[in-house]
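So the structure is just underneath, and the comments pick up after that.
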Amino acid sequence: MTSMLLRGRTLTFRRRPVSMDDTQAYLYETDGALLLRDGLIVASGPYDAVRAQAPDDVVEIDHRPHLILPGFIDTHVHFPQMQVIGSYAANLLEWLNTYTFPEECRFVETAHAARIAVHFFDEMIRHGTTTAVAYCSVHKASADAFFTEAMKRDMRMIAGKVMMDRNAPQGLLDTPQVGYDETRAVIAEWHGKGRNHVAITPRFAITSTPEQMSAAQTLAAEFPDLHIQTHLSENRDEIDYTLSLYPNAADYTDVYANYGLMGPKSLFGHAIHLSERERDVMSETGSVAVHCPTSNLFLGSGLFPLKELARREKPVRISVASDIGGGSSYSMLRTMDEAYKIQQLLGERLNPFESYYYLTRGNAEALFLSDRIGTLEPGTDADLIVLDMAATPAMALKAEVVASLSDELFLLQTMGDDRAVVETYVAGRAAKTTLG
């Protein structure tokens, strides 16, 4: 494969910044370059040093004055909910029953699932998201469609067939045995094929009987290296309903703990209303609280205490996500803009460097994939984005007075969207400019 040299300002994180002045947490090159070959980053650093390592016939693309970063990572998104976005409802449970469940019933049809998969991956690329952790529907056909499209795009994706056997329309129900068997089939057919990862996916405790939770526990024991994803403490009515279904549980978190579903690769969407006991359990098990700010605001679910969880004596691991279609934007820039506002309402500060850490390396670390994605380090996947802080007339006007990298990052976060993404590279190939 022909080598490619990308030139521009480059930014990558070494760790989570502890303050605005923590310059050791990231590496920023004002004239940087990345040498790409066979889908990987071969070299990164100052332009002159990287250019010297490149072959004479290298294809050079000059993205100056734009900023090159690792591709964004979205750790909680619902693939079947693309046509649910912007649906008017009072709260989570009303929204699920009125819009979401009827829409997901359509994914029994292979043709429909395949059509939506094309649109889903187009939007990921358009918005600069190169890896996502996705819920499919209860139908195996939806997972097959998702992973088939991921293979075509050569994208590193994590997804799972949802398991749910109660409290939903008949067209969305499996059984404990079917959920187990079809998840095993999806694992056998797709996990490790291309860049695909399969996640064990009980939707949430409300839609799974104790028998199905036991089936998920069996899968987790049989496949201990797989991710597990579900929902936790998004809405107070949801919490009350869950505890009525599991009366012997100490709290909502205890439901999942009792079935062995907590651990370092367990992703719990939302986790807003956690008691101190639940926070301790999350910390002790290494489980991840997935912050979904646009969804939490749209559905009125609550304000996620990101800073409070991160600075506890027993800190909770955190990632960030769009949560389409409860979330109202595919853009991870818009996601972090809302995350910033939530912290403001809680009397906290979320600085721009922290935001971009979460969007890249932070989310990669939450997934145990920082050896592959989320950084610009040599040897990692060449999943990259190029950002333009002057992408719209309003942004360009503001950009005239931007005087620092932090100002630029904050401008992109507060005013940017898919228009600010000049290019998205997937495994070293320019993907956005080739969209139909």
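Every chain in the structure tokens has a letter given in the order shown (A, B, ...), and although residue numbers restart at 1 in each chain, ligands are simply numbered from 1 in the order shown.
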- 8 Å contact set for Phe107 of chain A, only C-alpha atoms, chain neighbours under 3 positions out, as a PyMOL selection string: chain A and resi 80+103-104+110+112-113+137+139+141-142
Which residues of segment 307-381 of chain A have any atom within 12 Å of an atom in segment 294-298 of chain A when counting only C-alpha atoms, and what is the closest pair of atoms for each, with the distance in Å to one decimal? Order the rows by chain and rising number and write it as CSV.
residue,atom,partner,partner_atom,distance
A:Val320,CA,A:Thr294,CA,10.5
A:Ala321,CA,A:Thr294,CA,8.8
A:Ser322,CA,A:Thr294,CA,6.7
A:Asp323,CA,A:Ser295,CA,6.2
A:Ile324,CA,A:Ser295,CA,7.6
A:Gly325,CA,A:Ser295,CA,7.8
A:Gly326,CA,A:Ser295,CA,4.7
A:Gly327,CA,A:Ser295,CA,3.8
A:Ser328,CA,A:Thr294,CA,5.9
A:Ser329,CA,A:Thr294,CA,7.3
A:Tyr330,CA,A:Thr294,CA,9.9
A:Ser331,CA,A:Thr294,CA,10.2
A:Met332,CA,A:Thr294,CA,10.0
A:Leu333,CA,A:Thr294,CA,11.0
A:Arg334,CA,A:Thr294,CA,8.0
A:Thr335,CA,A:Thr294,CA,6.0
A:Met336,CA,A:Thr294,CA,8.8
A:Asp337,CA,A:Thr294,CA,8.9
A:Glu338,CA,A:Thr294,CA,6.0
A:Ala339,CA,A:Thr294,CA,7.7
A:Tyr340,CA,A:Thr294,CA,10.8
A:Lys341,CA,A:Leu297,CA,10.1
A:Ile342,CA,A:Leu297,CA,8.5
A:Leu345,CA,A:Leu297,CA,11.7
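Near Ser319 of chain A, within 9 Å and counting only C-alpha atoms, sit Asp74, Thr75, Leu267, Val288, Ala289, Val290, His291, Cys292, Tyr358, Leu359, Gly362, Asn363, Ala364, Glu365, Ala366 and Leu367 of chain A, not including residues fewer than 6 positions from it in the same chain.
Backbone DSSP of segment 98-194 of chain A yields strand (DSSP E or B) at A:Thr129, A:Thr130, A:Thr131, A:Ala132, A:Val133, A:Ala134, A:Tyr135, A:Met157, A:Ile158, A:Ala159, A:Gly160, A:Val162, A:Met163.
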I need the chosen residues saved as a short mmCIF file (atom, residue, chain, number, x, y, z; two decimals), in the first residue's frame, with N, CA and C atoms.
data_model
loop_
_atom_site.label_atom_id
_atom_site.label_comp_id
_atom_site.auth_asym_id
_atom_site.auth_seq_id
_atom_site.Cartn_x
_atom_site.Cartn_y
_atom_site.Cartn_z
N THR A 129 -16.67 10.48 13.81
CA THR A 129 -16.65 9.37 14.76
C THR A 129 -16.16 8.12 14.05
N THR A 130 -15.02 7.60 14.46
CA THR A 130 -14.42 6.46 13.78
C THR A 130 -14.64 5.14 14.52
N THR A 131 -15.04 5.20 15.79
CA THR A 131 -15.41 4.01 16.55
C THR A 131 -16.63 4.33 17.38
N ALA A 132 -17.58 3.39 17.42
CA ALA A 132 -18.77 3.56 18.25
C ALA A 132 -19.10 2.23 18.93
N VAL A 133 -19.75 2.35 20.09
CA VAL A 133 -20.26 1.19 20.81
C VAL A 133 -21.77 1.22 20.65
N ALA A 134 -22.31 0.27 19.91
CA ALA A 134 -23.69 0.38 19.46
C ALA A 134 -24.58 -0.74 19.99
N TYR A 135 -25.81 -0.38 20.27
CA TYR A 135 -26.89 -1.33 20.51
C TYR A 135 -27.57 -1.58 19.17
N MET A 157 -15.56 -1.23 15.32
CA MET A 157 -16.84 -1.02 15.96
C MET A 157 -17.09 -2.09 17.02
N ILE A 158 -17.86 -1.71 18.03
CA ILE A 158 -18.31 -2.64 19.07
C ILE A 158 -19.84 -2.60 19.06
N ALA A 159 -20.48 -3.75 19.02
CA ALA A 159 -21.95 -3.76 18.99
C ALA A 159 -22.47 -5.10 19.47
N GLY A 160 -23.76 -5.12 19.78
CA GLY A 160 -24.36 -6.37 20.23
C GLY A 160 -25.84 -6.44 19.90
N VAL A 162 -29.36 -6.89 21.06
CA VAL A 162 -30.01 -6.64 22.34
C VAL A 162 -30.75 -7.90 22.82
N MET A 163 -30.66 -8.15 24.13
CA MET A 163 -31.42 -9.22 24.77
C MET A 163 -32.56 -8.57 25.56
#
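Residues in contact range of Val178 of chain A, defined as at most 12 Å between only C-alpha atoms, with sequence neighbours fewer than 4 positions away removed, read Val138, His139, Lys140, Lys161, Val162, Met163, Met164, Asp165, Leu173, Asp174, Glu182, Thr183, Arg184, Ala185, Val186, Glu211, Gln212, Ala215 and Ala216 of chain A.
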Interface rows for segment 255-358 of chain A against segment 231-241 of chain A: nearest pair, Å to one decimal, 6 Å, only C-alpha atoms, as CSV:
residue,atom,partner,partner_atom,distance
A:Phe268,CA,A:His231,CA,5.1
A:Gly269,CA,A:His231,CA,4.5
A:His270,CA,A:Glu234,CA,5.2
A:Ala271,CA,A:Ser233,CA,4.9
A:Ile272,CA,A:Glu234,CA,5.7
A:His273,CA,A:Ser233,CA,5.5
A:Ser301,CA,A:Asn235,CA,5.1
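In this model, the gap between atom CA of Phe353 of chain A and atom CA of Pro46 of chain A comes to 20.8 Å.
Considering only C-alpha atoms, the residue among A:Asp57, A:Glu400, A:Glu149, A:Asp280 positioned nearest to Asp122 of chain A is A:Glu149.
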- So which residues touch Thr100 of chain A within 12 Å, counting only C-alpha atoms, skipping near sequence neighbours fewer than 3 positions away, as a PyMOL selection string? chain A and resi 78-89+92-97+103-107+137+168-169+172+324-326
With C-alpha atoms retained, write the just-selected residues as a JSON list (two decimals), in the first residue's frame.
[["chain", "number", "residue", "atom", "x", "y", "z"],
["A", 78, "HIS", "CA", -28.48, 2.99, 19.37],
["A", 79, "PHE", "CA", -28.13, 2.04, 15.72],
["A", 80, "PRO", "CA", -31.91, 1.35, 15.23],
["A", 81, "GLN", "CA", -32.92, 4.76, 16.55],
["A", 82, "MET", "CA", -31.86, 6.99, 13.67],
["A", 83, "GLN", "CA", -35.50, 7.77, 12.85],
["A", 84, "VAL", "CA", -36.38, 8.28, 16.52],
["A", 85, "ILE", "CA", -34.22, 11.41, 16.97],
["A", 86, "GLY", "CA", -36.26, 14.49, 17.82],
["A", 87, "SER", "CA", -39.35, 12.62, 19.00],
["A", 88, "TYR", "CA", -41.41, 14.62, 21.49],
["A", 89, "ALA", "CA", -41.99, 12.89, 24.83],
["A", 92, "LEU", "CA", -37.63, 8.10, 29.16],
["A", 93, "LEU", "CA", -40.33, 5.47, 29.62],
["A", 94, "GLU", "CA", -42.91, 7.39, 27.57],
["A", 95, "TRP", "CA", -40.31, 7.93, 24.85],
["A", 96, "LEU", "CA", -39.43, 4.23, 24.74],
["A", 97, "ASN", "CA", -43.01, 3.01, 24.55],
["A", 103, "GLU", "CA", -39.34, 1.77, 15.46],
["A", 104, "GLU", "CA", -37.05, -1.03, 16.58],
["A", 105, "CYS", "CA", -39.68, -3.61, 15.57],
["A", 106, "ARG", "CA", -38.93, -2.70, 11.95],
["A", 107, "PHE", "CA", -35.43, -4.16, 12.24],
["A", 137, "SER", "CA", -32.18, -4.35, 18.03],
["A", 168, "ALA", "CA", -41.85, -4.49, 25.29],
["A", 169, "PRO", "CA", -43.99, -5.22, 22.21],
["A", 172, "LEU", "CA", -39.19, -6.99, 20.25],
["A", 324, "ILE", "CA", -28.59, 8.49, 19.52],
["A", 325, "GLY", "CA", -31.62, 8.58, 19.34],
["A", 326, "GLY", "CA", -32.39, 9.85, 22.87]]
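Coordinates place atom CA of Leu350 of chain A at a distance of 16.0 Å from atom CA of Arg312 of chain A.
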- Would you please work out which residue, of A:Leu11, A:Met20, A:Pro305, A:Gly374, is nearest to Gln344 of chain A when using only C-alpha atoms? A:Pro305
